[in-house]
Amino acid sequence: MKVRAPKNRTIDLTDEDRDRFLQRLISVEVDQSSADILNKTICQDVLGALPHLPHGFVDLLIVDPPYNLTKDFNGTTFKQCDRATYSEWLDSWITQLKPLLKPSASAYFCADWATSMAMYPVLEKHFLIKNRITWEREKGRGAQANWKNASEDIWFCTVSDHYTFNIDAVKLKRQVMAPYRNLAGQPKDWDDSDSKPYRLTHPSNLWTDITVPFWSMPENTDHPTQKPEKLIAKLILASSTPGDVVFDPFLGSGTTSVVAKKLGRQYVGVEHNADYCCLAEKRLALADLDSSIQGYADGVFWERNTLAAQRRRPKPSIPTEA
């Protein structure tokens, strides 16, 4: 295990963690029922797992696949390829995902700008594409001979025109800079019950309120492409209801499953790397002790995560099992 600075809150795996959490992982070699896999982490290659999963069990699909970049994932390298080859790879598993979804299901697919161009034609074959969310990813070094990549896309798709969308669950809490009042002295489209005036605004498809996990955040891991809990929470709250099944076939360090659990949903995740699967299980255990999501409180999303909120949250430890 790496030696961290005293204030570094990155979640690590000890040898004891691996021994403990490896026992919770499953693989699927024969056809499964939903009861066999709900609230489980499947440690397996996605193409090997998908044929054995039950049809029509997913209410919400969240997919964060390797982008078309050369990237090392804990010793396994995904290599960049030409667009046609990448598109064929996308189609090879998206085709298998479609039957797993309920007719009323929604699906979100993450991408960078280049992956987005390859992904759209594939998604268009299988889904109704409702929107493209672009979110600010302000992290990483600047490019020397190009514009810095500081945004990513999320394609919002549905199986049919009958789907869940809970607009009131994903409104954004914004501070009012010009708090106008009407002639009777009442706030005009804002709330003065808090110490600072604010209004709840409808969310757009441009998100600038997301903080990418870093060393001082209690959700941070060493996964190279970890998505923020706040980002995934928006997708889950908007497009599912409590008790629904959320499925992530490229689970990584577990963010989708963790946020689904914190928000009262059921989950299934597939990840081929055993260490990432163990990280997911450790984070799921920590969620029993702390179900908060940074940047989301009292049923609303705040404009930006705050340092004060980070400092108030103690770093929980998992009790040792008897």
# chains A, B, ... in the order shown; residues from 1 in each chain; ligands from 1

$ residues_around --residues "Arg24 of chain A" --least-positions-apart "3" --cutoff "12 Å" --atoms "only C-alpha atoms" --output "number ranges by chain"
A: 17-21, 27, 37, 39-43, 274, 277-282, 284-285

$ residues_around --residues "Glu136 of chain A" --least-positions-apart "5" --cutoff "9 Å" --atoms "only C-alpha atoms" --output "PyMOL selection string"
chain A and resi 150-152+206-211

$ write_last_selection --atoms "C-alpha atoms" --output "compact mmCIF listing (two decimals), in the first residue's frame"
# COMPACT_ATOMS: atom_id res chain seq x y z
CA ALA A 150 -11.59 20.25 -19.99
CA SER A 151 -14.96 18.68 -20.75
CA GLU A 152 -16.59 15.31 -21.31
CA LEU A 206 -24.17 21.97 -19.52
CA TRP A 207 -22.79 21.10 -16.08
CA THR A 208 -20.17 23.35 -14.46
CA ASP A 209 -20.74 22.33 -10.84
CA ILE A 210 -18.76 19.06 -10.79
CA THR A 211 -15.49 18.51 -8.93

$ closest_atom_pairs --of "segment 95-140 of chain A" --to "segment 219-228 of chain A" --cutoff "12 Å" --atoms "only C-alpha atoms" --output "CSV"
residue,atom,partner,partner_atom,distance
A:Cys110,CA,A:Lys227,CA,9.7
A:Ala111,CA,A:Thr225,CA,11.2
A:Asp112,CA,A:Thr225,CA,11.3
A:Trp135,CA,A:Pro228,CA,11.3
A:Glu136,CA,A:Pro228,CA,11.7
A:Arg137,CA,A:Lys227,CA,9.9
A:Lys139,CA,A:Thr225,CA,11.2
A:Gly140,CA,A:Pro224,CA,11.3

$ closest_residue --among "A:Leu69, A:Leu128, A:Val270, A:Leu47" --to "Tyr163 of chain A" --atoms "only C-alpha atoms"
A:Leu128

$ closest_residue --among "A:Gln186, A:Ser292, A:Ser87, A:Gln266" --to "Leu38 of chain A" --atoms "only C-alpha atoms"
A:Gln266

$ closest_residue --among "A:Pro103, A:Pro187, A:Gly254, A:Pro51" --to "Tyr276 of chain A" --atoms "only C-alpha atoms"
A:Gly254

$ atom_distance --atom1 "atom CA of Thr95 of chain A" --atom2 "atom CA of Val122 of chain A"
9.3 Å

$ residues_around --residues "Lys171 of chain A" --least-positions-apart "4" --cutoff "6 Å" --atoms "only C-alpha atoms" --output "list in words"
Leu200, Thr201, His202 and Pro203 of chain A

$ write_last_selection --atoms "N, CA and C atoms" --output "PDB file, in the first residue's frame"
ATOM      1  N   LEU A 200     -33.832  27.608  -6.789  1.00  0.00           N
ATOM      2  CA  LEU A 200     -33.671  26.293  -7.390  1.00  0.00           C
ATOM      3  C   LEU A 200     -33.938  26.413  -8.883  1.00  0.00           C
ATOM      4  N   THR A 201     -32.964  26.040  -9.702  1.00  0.00           N
ATOM      5  CA  THR A 201     -33.084  26.198 -11.145  1.00  0.00           C
ATOM      6  C   THR A 201     -33.144  24.841 -11.833  1.00  0.00           C
ATOM      7  N   HIS A 202     -33.843  24.793 -12.948  1.00  0.00           N
ATOM      8  CA  HIS A 202     -33.903  23.570 -13.736  1.00  0.00           C
ATOM      9  C   HIS A 202     -32.522  23.277 -14.328  1.00  0.00           C
ATOM     10  N   PRO A 203     -32.118  22.014 -14.321  1.00  0.00           N
ATOM     11  CA  PRO A 203     -30.785  21.677 -14.837  1.00  0.00           C
ATOM     12  C   PRO A 203     -30.750  21.736 -16.361  1.00  0.00           C
TER      13      PRO A 203
END

$ select_by_dssp --residues "segment 243-281 of chain A" --states "strand (DSSP E or B)" --output "VMD selection string"
chain A and resid 245 to 248 266 to 271

$ write_last_selection --atoms "N, CA and C atoms" --output "PDB file, in the first residue's frame"
ATOM      1  N   VAL A 245     -33.224  -0.912 -10.370  1.00  0.00           N
ATOM      2  CA  VAL A 245     -31.935  -1.570 -10.580  1.00  0.00           C
ATOM      3  C   VAL A 245     -31.074  -0.712 -11.500  1.00  0.00           C
ATOM      4  N   VAL A 246     -29.883  -0.359 -11.016  1.00  0.00           N
ATOM      5  CA  VAL A 246     -28.909   0.419 -11.778  1.00  0.00           C
ATOM      6  C   VAL A 246     -27.756  -0.514 -12.154  1.00  0.00           C
ATOM      7  N   PHE A 247     -27.420  -0.558 -13.425  1.00  0.00           N
ATOM      8  CA  PHE A 247     -26.399  -1.485 -13.924  1.00  0.00           C
ATOM      9  C   PHE A 247     -25.261  -0.716 -14.573  1.00  0.00           C
ATOM     10  N   ASP A 248     -24.029  -1.091 -14.209  1.00  0.00           N
ATOM     11  CA  ASP A 248     -22.828  -0.496 -14.791  1.00  0.00           C
ATOM     12  C   ASP A 248     -21.913  -1.623 -15.258  1.00  0.00           C
ATOM     13  N   GLN A 266     -31.067  -0.477  -6.121  1.00  0.00           N
ATOM     14  CA  GLN A 266     -30.317  -1.716  -6.211  1.00  0.00           C
ATOM     15  C   GLN A 266     -29.282  -1.565  -7.330  1.00  0.00           C
ATOM     16  N   TYR A 267     -28.266  -2.388  -7.313  1.00  0.00           N
ATOM     17  CA  TYR A 267     -27.171  -2.193  -8.255  1.00  0.00           C
ATOM     18  C   TYR A 267     -26.583  -3.529  -8.689  1.00  0.00           C
ATOM     19  N   VAL A 268     -25.967  -3.505  -9.859  1.00  0.00           N
ATOM     20  CA  VAL A 268     -25.141  -4.601 -10.363  1.00  0.00           C
ATOM     21  C   VAL A 268     -23.996  -3.956 -11.128  1.00  0.00           C
ATOM     22  N   GLY A 269     -22.781  -4.428 -10.885  1.00  0.00           N
ATOM     23  CA  GLY A 269     -21.630  -3.897 -11.603  1.00  0.00           C
ATOM     24  C   GLY A 269     -20.739  -5.005 -12.111  1.00  0.00           C
ATOM     25  N   VAL A 270     -20.156  -4.782 -13.280  1.00  0.00           N
ATOM     26  CA  VAL A 270     -19.194  -5.719 -13.863  1.00  0.00           C
ATOM     27  C   VAL A 270     -17.852  -5.010 -14.003  1.00  0.00           C
ATOM     28  N   GLU A 271     -16.800  -5.636 -13.525  1.00  0.00           N
ATOM     29  CA  GLU A 271     -15.442  -5.078 -13.630  1.00  0.00           C
ATOM     30  C   GLU A 271     -14.463  -6.244 -13.685  1.00  0.00           C
TER      31      GLU A 271
END

$ select_by_dssp --residues "segment 246-275 of chain A" --states "helix (DSSP H, G or I)" --output "number ranges by chain"
A: 255-262, 274-275

$ closest_residue --among "A:Glu29, A:Cys81, A:Met119, A:Thr10" --to "Gln44 of chain A" --atoms "only C-alpha atoms"
A:Glu29

$ decode --residues "segment 51-85 of chain A" --atoms "N, CA and C atoms" --output "short mmCIF file (atom, residue, chain, number, x, y, z; two decimals), in the first residue's frame"
data_model
loop_
_atom_site.label_atom_id
_atom_site.label_comp_id
_atom_site.auth_asym_id
_atom_site.auth_seq_id
_atom_site.Cartn_x
_atom_site.Cartn_y
_atom_site.Cartn_z
N PRO A 51 -23.61 -12.36 -21.76
CA PRO A 51 -24.52 -13.39 -22.26
C PRO A 51 -25.26 -14.15 -21.17
N HIS A 52 -24.79 -14.09 -19.92
CA HIS A 52 -25.39 -14.87 -18.83
C HIS A 52 -26.29 -14.03 -17.93
N LEU A 53 -26.47 -12.75 -18.25
CA LEU A 53 -27.30 -11.89 -17.41
C LEU A 53 -28.74 -11.94 -17.88
N PRO A 54 -29.70 -11.78 -16.96
CA PRO A 54 -31.12 -11.92 -17.32
C PRO A 54 -31.61 -10.77 -18.19
N HIS A 55 -32.52 -11.06 -19.08
CA HIS A 55 -33.11 -10.04 -19.92
C HIS A 55 -34.13 -9.22 -19.11
N GLY A 56 -34.17 -7.92 -19.43
CA GLY A 56 -35.19 -7.05 -18.88
C GLY A 56 -35.12 -6.79 -17.39
N PHE A 57 -33.91 -6.77 -16.82
CA PHE A 57 -33.82 -6.55 -15.37
C PHE A 57 -33.33 -5.14 -15.01
N VAL A 58 -32.93 -4.35 -15.98
CA VAL A 58 -32.28 -3.07 -15.72
C VAL A 58 -33.25 -1.91 -15.93
N ASP A 59 -33.34 -1.05 -14.90
CA ASP A 59 -34.12 0.20 -15.01
C ASP A 59 -33.27 1.35 -15.52
N LEU A 60 -32.00 1.36 -15.12
CA LEU A 60 -31.10 2.45 -15.50
C LEU A 60 -29.73 1.87 -15.79
N LEU A 61 -29.21 2.19 -16.97
CA LEU A 61 -27.89 1.76 -17.40
C LEU A 61 -26.95 2.96 -17.39
N ILE A 62 -25.81 2.82 -16.73
CA ILE A 62 -24.78 3.87 -16.73
C ILE A 62 -23.48 3.23 -17.21
N VAL A 63 -22.93 3.75 -18.30
CA VAL A 63 -21.78 3.12 -18.96
C VAL A 63 -20.64 4.13 -19.08
N ASP A 64 -19.50 3.78 -18.52
CA ASP A 64 -18.29 4.60 -18.63
C ASP A 64 -17.18 3.71 -19.19
N PRO A 65 -17.20 3.46 -20.50
CA PRO A 65 -16.23 2.52 -21.08
C PRO A 65 -14.87 3.16 -21.26
N PRO A 66 -13.84 2.36 -21.51
CA PRO A 66 -12.56 2.97 -21.89
C PRO A 66 -12.75 3.85 -23.13
N TYR A 67 -12.26 5.08 -23.05
CA TYR A 67 -12.31 5.96 -24.21
C TYR A 67 -11.25 5.50 -25.22
N ASN A 68 -11.34 6.01 -26.42
CA ASN A 68 -10.39 5.58 -27.45
C ASN A 68 -9.04 6.28 -27.25
N LEU A 69 -8.43 5.95 -26.13
CA LEU A 69 -7.12 6.48 -25.74
C LEU A 69 -6.29 5.32 -25.19
N THR A 70 -5.00 5.41 -25.33
CA THR A 70 -4.13 4.42 -24.69
C THR A 70 -4.04 4.76 -23.21
N LYS A 71 -4.52 3.85 -22.37
CA LYS A 71 -4.61 4.11 -20.93
C LYS A 71 -4.34 2.82 -20.17
N ASP A 72 -3.55 2.95 -19.09
CA ASP A 72 -3.25 1.80 -18.24
C ASP A 72 -4.24 1.75 -17.08
N PHE A 73 -4.92 0.59 -16.96
CA PHE A 73 -5.86 0.36 -15.86
C PHE A 73 -5.29 -0.72 -14.95
N ASN A 74 -4.43 -0.29 -14.03
CA ASN A 74 -3.85 -1.19 -13.04
C ASN A 74 -3.19 -2.41 -13.69
N GLY A 75 -2.40 -2.16 -14.73
CA GLY A 75 -1.65 -3.23 -15.39
C GLY A 75 -2.27 -3.74 -16.68
N THR A 76 -3.53 -3.39 -16.94
CA THR A 76 -4.18 -3.75 -18.20
C THR A 76 -4.28 -2.50 -19.06
N THR A 77 -3.74 -2.55 -20.27
CA THR A 77 -3.69 -1.37 -21.13
C THR A 77 -4.75 -1.45 -22.21
N PHE A 78 -5.57 -0.41 -22.29
CA PHE A 78 -6.49 -0.25 -23.42
C PHE A 78 -5.75 0.60 -24.44
N LYS A 79 -5.64 0.09 -25.68
CA LYS A 79 -4.85 0.76 -26.70
C LYS A 79 -5.74 1.50 -27.69
N GLN A 80 -5.32 2.71 -28.00
CA GLN A 80 -6.04 3.51 -28.98
C GLN A 80 -6.02 2.82 -30.33
N CYS A 81 -7.13 2.93 -31.07
CA CYS A 81 -7.22 2.31 -32.38
C CYS A 81 -7.93 3.28 -33.34
N ASP A 82 -8.07 2.89 -34.60
CA ASP A 82 -8.77 3.76 -35.54
C ASP A 82 -10.26 3.78 -35.19
N ARG A 83 -10.95 4.78 -35.70
CA ARG A 83 -12.34 4.99 -35.30
C ARG A 83 -13.24 3.83 -35.70
N ALA A 84 -13.01 3.24 -36.85
CA ALA A 84 -13.85 2.13 -37.30
C ALA A 84 -13.71 0.93 -36.36
N THR A 85 -12.49 0.64 -35.95
CA THR A 85 -12.25 -0.49 -35.04
C THR A 85 -12.89 -0.22 -33.68
#
